[in-house]
$ cat target_18.cif   # mmCIF, C-alpha atoms
data_query
#
loop_
_atom_site.label_atom_id
_atom_site.label_comp_id
_atom_site.auth_asym_id
_atom_site.auth_seq_id
_atom_site.Cartn_x
_atom_site.Cartn_y
_atom_site.Cartn_z
CA MET A 1 0.00 0.00 0.00
CA SER A 2 2.71 2.44 0.94
CA GLU A 3 4.60 1.59 -2.26
CA PHE A 4 1.54 2.66 -4.22
CA PHE A 5 1.42 5.97 -2.46
CA ASP A 6 5.16 6.49 -2.87
CA LYS A 7 4.77 5.94 -6.58
CA LYS A 8 1.83 8.35 -6.82
CA LEU A 9 3.72 10.95 -4.79
CA LYS A 10 6.73 10.68 -7.05
CA GLU A 11 4.53 11.08 -10.12
CA LEU A 12 2.92 14.16 -8.62
CA GLN A 13 6.32 15.59 -7.73
CA GLN A 14 7.59 15.03 -11.25
CA SER A 15 4.53 16.63 -12.84
CA LEU A 16 4.89 19.69 -10.59
CA GLU A 17 8.59 19.91 -11.28
CA GLY A 18 7.82 20.46 -14.95
CA ARG A 19 10.98 19.12 -16.55
CA ILE A 20 11.38 19.79 -20.28
CA ASP A 21 13.95 18.59 -22.77
CA PHE A 22 16.87 20.57 -24.23
CA VAL A 23 15.06 21.69 -27.40
CA GLY A 24 12.13 22.84 -25.27
CA GLN A 25 14.50 24.76 -23.01
CA GLU A 26 15.95 26.63 -25.96
CA ARG A 27 12.49 27.47 -27.28
CA VAL A 28 11.34 28.66 -23.86
CA GLU A 29 14.37 30.92 -23.56
CA GLU A 30 13.67 32.52 -26.94
CA LEU A 31 9.95 32.87 -26.18
CA THR A 32 10.67 34.55 -22.84
CA LYS A 33 12.97 37.11 -24.44
CA GLN A 34 10.54 37.85 -27.26
CA ILE A 35 7.42 38.15 -25.10
CA LEU A 36 8.93 40.27 -22.33
CA TRP A 37 10.83 42.71 -24.55
CA SER A 38 7.94 43.14 -26.96
CA THR A 39 5.37 43.73 -24.19
CA GLY A 40 7.83 46.18 -22.63
CA ALA A 41 8.07 48.11 -25.90
CA LEU A 42 4.31 47.90 -26.47
CA SER A 43 3.53 49.14 -22.97
CA PHE A 44 5.90 52.07 -23.43
CA ILE A 45 4.36 53.10 -26.75
CA VAL A 46 0.73 52.69 -25.67
CA GLY A 47 1.38 54.49 -22.39
CA LEU A 48 3.12 57.34 -24.19
CA VAL A 49 0.26 57.70 -26.67
CA LEU A 50 -2.48 57.51 -24.03
CA GLN A 51 -0.32 59.51 -21.57
CA SER A 52 -1.04 57.05 -18.80
CA LEU A 53 1.55 55.26 -16.74
CA LYS A 54 -1.22 53.06 -15.29
CA VAL A 55 -1.96 51.63 -18.74
CA SER A 56 1.73 51.10 -19.33
CA VAL A 57 2.34 49.14 -16.14
CA GLY A 58 -0.93 47.24 -16.67
CA ILE A 59 0.07 46.06 -20.14
CA PHE A 60 3.47 44.97 -18.88
CA SER A 61 1.93 43.04 -15.96
CA LEU A 62 -0.44 41.26 -18.34
CA GLY A 63 2.49 40.45 -20.60
CA PHE A 64 4.41 39.01 -17.67
CA LEU A 65 1.46 36.85 -16.60
CA GLY A 66 0.97 35.73 -20.20
CA CYS A 67 4.66 34.84 -20.39
CA CYS A 68 4.26 32.78 -17.19
CA ALA A 69 1.31 30.93 -18.72
CA VAL A 70 3.25 30.17 -21.90
CA VAL A 71 6.56 29.26 -20.33
CA LEU A 72 6.07 27.73 -16.89
CA PRO A 73 4.02 24.55 -17.47
CA SER A 74 5.76 21.62 -19.14
CA TYR A 75 3.59 21.41 -22.25
CA PRO A 76 3.97 18.21 -24.32
CA SER A 77 5.54 20.21 -27.16
CA TYR A 78 8.44 21.11 -24.87
CA ASN A 79 9.05 17.38 -24.35
CA ALA A 80 8.71 16.36 -28.00
CA HIS A 81 12.47 15.89 -28.53
CA PRO A 82 13.73 13.47 -25.91
CA VAL A 83 17.46 12.73 -25.90
CA ALA A 84 18.26 9.60 -27.93
CA TRP A 85 20.57 7.58 -25.68
CA LEU A 86 23.04 5.04 -27.02
CA PRO A 87 21.82 1.43 -26.81
CA LYS A 88 22.54 -0.60 -23.70
CA LEU A 89 25.54 -2.89 -23.99
CA ASP A 90 25.81 -6.39 -22.50
CA GLU A 91 28.98 -7.78 -20.91
CA TYR A 92 30.48 -8.59 -24.35
CA GLY A 93 29.99 -5.06 -25.64
CA GLU A 94 27.09 -6.05 -27.89
CA ALA A 95 24.06 -3.85 -28.18
CA VAL A 96 21.06 -5.22 -26.34
CA GLU A 97 17.71 -4.94 -28.09
CA GLY A 98 15.25 -2.42 -26.74
CA VAL A 99 15.50 1.00 -25.28
CA ALA A 100 18.07 1.54 -22.56
CA GLU A 101 16.53 1.67 -19.11
CA PRO A 102 17.63 4.33 -16.72
CA LYS A 103 19.76 3.10 -13.85
CA LYS A 104 17.83 2.07 -10.81
CA GLU A 105 18.14 4.43 -7.93
CA ARG A 106 19.59 2.93 -4.82
CA MET B 1 15.42 26.40 -17.58
CA HIS B 2 14.83 22.68 -17.07
CA THR B 3 12.18 22.89 -14.33
CA SER B 4 9.21 25.22 -13.83
CA PHE B 5 10.85 26.87 -10.85
CA GLN B 6 14.02 27.53 -12.83
CA ARG B 7 11.93 29.07 -15.60
CA LEU B 8 10.07 31.29 -13.12
CA ASN B 9 13.39 32.46 -11.74
CA ASN B 10 14.67 33.18 -15.23
CA ILE B 11 11.65 35.12 -16.50
CA SER B 12 11.35 37.23 -13.35
CA ALA B 13 15.03 38.17 -13.67
CA LEU B 14 14.48 39.24 -17.28
CA ALA B 15 11.24 41.04 -16.36
CA THR B 16 13.15 43.10 -13.80
CA THR B 17 15.61 44.19 -16.48
CA VAL B 18 12.79 45.05 -18.88
CA ILE B 19 10.85 47.05 -16.30
CA ILE B 20 13.95 49.01 -15.27
CA THR B 21 14.54 49.86 -18.94
CA LEU B 22 10.89 50.83 -19.32
CA LEU B 23 10.93 53.10 -16.29
CA SER B 24 14.18 54.79 -17.28
CA LEU B 25 12.69 55.53 -20.70
CA VAL B 26 9.60 56.92 -18.96
CA SER B 27 11.73 59.15 -16.78
CA LEU B 28 13.59 60.40 -19.87
CA THR B 29 10.34 61.39 -21.61
CA THR B 30 9.80 63.99 -18.86
CA PHE B 31 12.51 66.08 -20.50
CA LEU B 32 11.23 65.47 -24.04
CA ILE B 33 7.54 66.29 -23.56
CA PRO B 34 7.34 70.06 -23.81
CA ALA B 35 5.64 71.97 -21.02
CA ASN B 36 4.94 75.49 -22.20
CA LEU B 37 3.54 77.40 -19.31
CA ASP B 38 1.66 80.61 -19.98
CA PRO B 39 3.00 83.38 -17.83
CA GLY B 40 0.20 83.87 -15.36
CA SER B 41 -0.50 87.07 -13.56
CA LEU B 42 0.43 87.90 -10.01
CA LYS B 43 -0.52 91.14 -8.32
CA VAL B 44 0.17 91.99 -4.72
CA ASP B 45 -2.62 94.36 -3.77
CA HIS B 46 -2.09 94.82 -0.08
CA LEU B 47 1.10 94.72 1.82
CA ASN B 48 1.28 95.99 5.35
CA VAL B 49 3.47 95.42 8.34
CA LEU B 50 2.20 95.10 11.88
CA LEU B 51 4.05 95.00 15.13
CA GLY B 52 2.96 92.07 17.24
CA ARG B 53 3.60 88.67 18.72
CA SER B 54 3.00 85.28 17.15
CA ASN B 55 0.01 83.27 18.25
CA TYR B 56 2.04 80.41 19.63
CA ASP B 57 4.41 82.50 21.71
CA ARG B 58 2.62 85.34 23.41
CA SER B 59 5.48 86.05 25.78
CA ALA B 60 7.98 86.72 22.97
CA LYS B 61 9.30 90.14 22.22
CA ALA B 62 7.06 92.11 19.86
CA ARG B 63 8.30 91.92 16.28
CA GLU B 64 7.17 92.88 12.82
CA PHE B 65 4.91 90.69 10.74
CA ALA B 66 4.24 91.36 7.09
CA PHE B 67 0.79 90.65 5.68
CA VAL B 68 0.28 89.97 2.01
CA LYS B 69 -2.85 89.88 -0.10
CA TYR B 70 -2.53 88.94 -3.73
CA ASP B 71 -4.38 88.12 -6.94
CA LEU B 72 -3.00 85.11 -8.73
CA VAL B 73 -4.01 83.56 -12.05
CA ALA B 74 -1.98 80.68 -13.46
CA ASP B 75 -2.60 77.53 -15.44
CA MET B 76 -0.35 74.65 -14.47
CA SER B 77 -2.06 72.01 -16.65
CA PRO B 78 0.75 71.87 -19.28
CA LEU B 79 2.93 70.35 -16.57
CA PHE B 80 0.73 67.27 -16.31
CA ASN B 81 1.88 64.36 -18.44
CA TRP B 82 1.97 60.61 -17.86
CA ASN B 83 4.92 60.89 -15.51
CA THR B 84 3.52 63.66 -13.30
CA LYS B 85 2.35 62.58 -9.90
CA GLN B 86 1.62 66.01 -8.51
CA VAL B 87 2.76 69.59 -8.78
CA PHE B 88 3.73 71.75 -5.86
CA VAL B 89 3.29 75.50 -6.36
CA TYR B 90 4.47 78.09 -3.92
CA LEU B 91 4.54 81.84 -3.62
CA VAL B 92 7.90 83.20 -2.54
CA ALA B 93 8.89 86.61 -1.28
CA ASP B 94 12.48 87.56 -2.13
CA TYR B 95 14.18 90.46 -0.48
CA SER B 96 17.58 91.57 0.65
CA THR B 97 18.79 93.49 3.65
CA PRO B 98 22.27 94.88 4.21
CA LYS B 99 23.06 92.20 6.77
CA TYR B 100 21.47 89.24 4.99
CA PRO B 101 21.57 89.82 1.23
CA GLU B 102 19.43 86.85 0.23
CA ASN B 103 16.15 86.00 1.89
CA ARG B 104 13.39 83.81 0.51
CA VAL B 105 10.18 83.31 2.42
CA VAL B 106 7.37 81.04 1.31
CA VAL B 107 4.10 82.75 2.08
CA TRP B 108 1.64 80.42 0.38
CA ASP B 109 1.70 77.00 -1.27
CA ARG B 110 -0.59 74.44 -2.80
CA ILE B 111 -0.31 70.82 -3.90
CA ILE B 112 -2.00 70.17 -7.25
CA ARG B 113 -2.87 66.50 -7.46
CA GLY B 114 -4.29 66.37 -10.97
CA SER B 115 -4.71 68.36 -14.17
CA LYS B 116 -8.35 69.14 -13.36
CA PHE B 117 -7.17 71.12 -10.34
CA ALA B 118 -4.38 72.79 -12.30
CA LYS B 119 -6.03 76.15 -12.96
CA ILE B 120 -5.21 78.55 -10.16
CA ASN B 121 -7.44 81.56 -9.88
CA ILE B 122 -7.18 83.35 -6.57
CA ALA B 123 -8.61 86.76 -5.93
CA ASP B 124 -7.62 88.60 -2.80
CA GLY B 125 -5.74 85.56 -1.49
CA LYS B 126 -4.39 85.40 2.02
CA GLN B 127 -0.98 84.12 2.93
CA LYS B 128 -0.70 80.71 4.60
CA TYR B 129 2.50 81.14 6.55
CA GLU B 130 3.96 83.81 8.79
CA PHE B 131 6.10 86.33 6.96
CA LYS B 132 8.61 87.77 9.39
CA GLU B 133 12.16 89.04 9.25
CA ILE B 134 15.07 87.37 10.96
CA THR B 135 16.19 90.70 12.44
CA ASP B 136 12.60 91.42 13.56
CA SER B 137 12.29 94.51 11.38
CA PHE B 138 11.28 95.12 7.75
CA LYS B 139 12.69 98.66 7.77
CA ASP B 140 13.65 99.79 4.21
CA VAL B 141 12.93 96.42 2.67
CA SER B 142 11.39 95.95 -0.73
CA ALA B 143 10.37 92.48 -1.77
CA THR B 144 9.58 90.82 -5.07
CA PHE B 145 6.96 88.10 -5.10
CA SER B 146 7.12 85.14 -7.44
CA LEU B 147 5.27 81.91 -8.10
CA HIS B 148 7.41 78.80 -8.38
CA TYR B 149 6.54 75.19 -9.10
CA GLN B 150 8.06 71.79 -8.55
CA VAL B 151 6.94 68.76 -10.53
CA GLN B 152 6.98 65.50 -8.60
CA PRO B 153 7.14 62.65 -11.11
CA TRP B 154 6.21 58.99 -10.71
CA VAL B 155 9.74 58.03 -11.75
CA GLY B 156 12.75 60.21 -12.35
CA ALA B 157 14.07 63.55 -11.29
CA LEU B 158 12.34 66.46 -9.65
CA THR B 159 12.06 69.46 -11.94
CA GLY B 160 10.97 72.97 -11.15
CA GLY B 161 10.82 76.54 -12.30
CA GLU B 162 9.34 79.96 -11.97
CA VAL B 163 6.05 81.08 -13.48
CA VAL B 164 5.65 84.77 -12.76
CA ARG B 165 7.43 87.49 -10.79
CA THR B 166 6.34 90.92 -9.63
CA GLU B 167 8.29 94.14 -9.48
CA ALA B 168 9.97 95.03 -6.23
CA ILE B 169 7.41 96.32 -3.76
CA LYS B 170 8.40 98.42 -0.78
CA LEU B 171 7.14 97.21 2.53
CA PRO B 172 5.43 100.03 4.43
CA PRO B 173 6.61 101.06 7.87
CA ALA B 174 5.28 99.03 10.76
CA GLN B 175 2.01 99.93 12.39
CA ARG B 176 1.14 99.14 15.90
CA ARG B 177 -1.68 96.62 16.08
CA VAL B 178 -4.90 98.42 16.89
CA HIS B 179 -6.91 96.75 19.61
CA SER B 180 -10.59 97.34 19.36
#

$ encode --input "target_18.cif" --output "structure tokens"
Amino acid sequence: MSEFFDKKLKELQQSLEGRIDFVGQERVEELTKQILWSTGALSFIVGLVLQSLKVSVGIFSLGFLGCCAVVLPSYPSYNAHPVAWLPKLDEYGEAVEGVAEPKKER
Amino acid sequence: MHTSFQRLNNISALATTVIITLLSLVSLTTFLIPANLDPGSLKVDHLNVLLGRSNYDRSAKAREFAFVKYDLVADMSPLFNWNTKQVFVYLVADYSTPKYPENRVVVWDRIIRGSKFAKINIADGKQKYEFKEITDSFKDVSATFSLHYQVQPWVGALTGGEVVRTEAIKLPPAQRRVHS
């Protein structure tokens, strides 16, 4: 029974951790830069035109929250390029069929 | 960037940089947006000097107090742009005496919190603060009165200036306060 709960807990932990692969990380980095700098520029221009600092800060806050929504969760597209590991070798150095299993944690 | 927490850390760091850039640009626009103030009009109608004691210290030695009444018309609304929090306007009396060549006394002020309050139109205005001389006597003093402003921005530097200034006006000799 406790094994079951341990497994569930670990699953939950991993889903909250939100790991993404290397390609996803690069995309997220680019997206962050683009979204934040463009909302910054937009908020400056709109605020200058409307002569309202409130509007300016509001637009930037919305942009930041939007960026959080786009970037923070580990969407499946950020995990679409898993690392292809080399095949597992047996004691004679021959490739073993099947995908390599990660080492068991001790 | 590999976990959600790492990504949160990363984007808030970048957001700080962006918002600092944004605010420095905003503070720079203060100097680019022109603020052309019309010269208002300031007239000091009544100026008299009484010998007396201040209200809060009745036991003090009798000294001279100057009393000012003025008409003031000014429009401060050009000073209001997106980076203006409020504008502080104040009426200053400048005068010089042989012993102290530079004296500036604020006799009245007002905080303007928005452009809809920016039109000043005061007829027969009274001073707000005591106008007295450090040597106790206004003998042979003539003062010029001027309206100054200071703009307090949301971000950036304080700026200020002068709107209107009167000619030098001679303060009359002191009268003894008449008790009725």

$ closest_atom_pairs --input "target_18.cif" --of "chain A" --to "chain B" --cutoff "7 Å" --atoms "only C-alpha atoms" --output "CSV"
residue,atom,partner,partner_atom,distance
A:Glu17,CA,B:Thr3,CA,5.6
A:Gly18,CA,B:Thr3,CA,5.0
A:Arg19,CA,B:Thr3,CA,4.5
A:Ile20,CA,B:His2,CA,5.5
A:Gln25,CA,B:Met1,CA,5.7
A:Thr32,CA,B:Ile11,CA,6.4
A:Leu36,CA,B:Ala15,CA,6.4
A:Trp37,CA,B:Val18,CA,6.4
A:Gly40,CA,B:Val18,CA,6.3
A:Phe44,CA,B:Leu22,CA,6.6
A:Gln51,CA,B:Trp82,CA,4.5
A:Ser52,CA,B:Trp82,CA,4.8
A:Leu53,CA,B:Trp82,CA,5.5
A:Leu72,CA,B:Ser4,CA,5.1
A:Pro73,CA,B:Ser4,CA,6.4

$ atom_distance --input "target_18.cif" --atom1 "atom CA of B:Thr30" --atom2 "atom CA of B:Leu147"
21.4 Å

$ axis_aligned_box --input "target_18.cif" --around "stretch 61-70 of chain A" --padding-each-side "3 Å" --output "JSON"
{"center_x": 2.1, "center_y": 36.6, "center_z": -18.9, "size_x": 11.1, "size_y": 18.9, "size_z": 11.9}

$ resolve_selection --input "target_18.cif" --expression "the PyMOL selection byres ((chain B and resi 35) around 7)" --output "JSON, numbers by chain"
{"B": [33, 34, 36, 37, 78, 79]}

$ resolve_selection --input "target_18.cif" --expression "the PyMOL selection byres ((chain B and resi 160) around 12)" --output "list of chain:residue names"
B:Thr30, B:Phe31, B:Ala35, B:Leu37, B:Met76, B:Leu79, B:Gln86, B:Val87, B:Phe88, B:Val89, B:Tyr90, B:Leu147, B:His148, B:Tyr149, B:Gln150, B:Val151, B:Gln152, B:Pro153, B:Ala157, B:Leu158, B:Thr159, B:Gly161, B:Glu162, B:Val163

$ residues_around --input "target_18.cif" --residues "stretch 127-143 of chain B" --least-positions-apart "5" --cutoff "12 Å" --atoms "all atoms listed in the file" --output "number ranges by chain"
B: 44, 46-56, 60-72, 90-110, 122, 165-175

$ atom_distance --input "target_18.cif" --atom1 "atom CA of B:Lys85" --atom2 "atom CA of A:Val55"
14.7 Å

$ closest_residue --input "target_18.cif" --among "A:Leu89, A:Ser2, A:Leu31, A:Lys54" --to "A:Ala69" --atoms "all atoms listed in the file"
A:Leu31

$ residues_around --input "target_18.cif" --residues "A:Val83" --least-positions-apart "6" --cutoff "10 Å" --atoms "only C-alpha atoms" --output "list in words"
Asp21, Phe22 and Val23 of chain A

$ residues_around --input "target_18.cif" --residues "B:Phe117" --least-positions-apart "3" --cutoff "9 Å" --atoms "only C-alpha atoms" --output "PDB file with C-alpha atoms, keeping the file's coordinate frame"
ATOM      1  CA  MET B  76      -0.350  74.650 -14.470  1.00  0.00           C
ATOM      2  CA  SER B  77      -2.060  72.010 -16.650  1.00  0.00           C
ATOM      3  CA  ILE B 112      -2.000  70.170  -7.250  1.00  0.00           C
ATOM      4  CA  ARG B 113      -2.870  66.500  -7.460  1.00  0.00           C
ATOM      5  CA  GLY B 114      -4.290  66.370 -10.970  1.00  0.00           C
ATOM      6  CA  ILE B 120      -5.210  78.550 -10.160  1.00  0.00           C
TER       7      ILE B 120
END

$ resolve_selection --input "target_18.cif" --expression "the PyMOL selection byres ((chain A and resi 59) around 10)" --output "MDAnalysis selection string"
chainID A and resid 39:40 42:44 46:47 53:58 60:65

$ write_last_selection --input "target_18.cif" --atoms "C-alpha atoms" --output "JSON list (two decimals), keeping the file's coordinate frame"
[["chain", "number", "residue", "atom", "x", "y", "z"],
["A", 39, "THR", "CA", 5.37, 43.73, -24.19],
["A", 40, "GLY", "CA", 7.83, 46.18, -22.63],
["A", 42, "LEU", "CA", 4.31, 47.90, -26.47],
["A", 43, "SER", "CA", 3.53, 49.14, -22.97],
["A", 44, "PHE", "CA", 5.90, 52.07, -23.43],
["A", 46, "VAL", "CA", 0.73, 52.69, -25.67],
["A", 47, "GLY", "CA", 1.38, 54.49, -22.39],
["A", 53, "LEU", "CA", 1.55, 55.26, -16.74],
["A", 54, "LYS", "CA", -1.22, 53.06, -15.29],
["A", 55, "VAL", "CA", -1.96, 51.63, -18.74],
["A", 56, "SER", "CA", 1.73, 51.10, -19.33],
["A", 57, "VAL", "CA", 2.34, 49.14, -16.14],
["A", 58, "GLY", "CA", -0.93, 47.24, -16.67],
["A", 60, "PHE", "CA", 3.47, 44.97, -18.88],
["A", 61, "SER", "CA", 1.93, 43.04, -15.96],
["A", 62, "LEU", "CA", -0.44, 41.26, -18.34],
["A", 63, "GLY", "CA", 2.49, 40.45, -20.60],
["A", 64, "PHE", "CA", 4.41, 39.01, -17.67],
["A", 65, "LEU", "CA", 1.46, 36.85, -16.60]]

$ atom_distance --input "target_18.cif" --atom1 "atom CA of B:Thr144" --atom2 "atom CA of B:Gly125"
16.6 Å

$ closest_residue --input "target_18.cif" --among "A:Val49, A:Phe5, A:Ser15, A:Asp90" --to "A:Pro76" --atoms "only C-alpha atoms"
A:Ser15

$ closest_residue --input "target_18.cif" --among "A:Leu48, A:Leu86, A:Ala80, A:Leu12" --to "A:Arg27" --atoms "only C-alpha atoms"
A:Ala80

$ closest_residue --input "target_18.cif" --among "A:Gln14, A:Gly24, A:Lys7, A:Gly66" --to "A:Pro82" --atoms "only C-alpha atoms"
A:Gly24
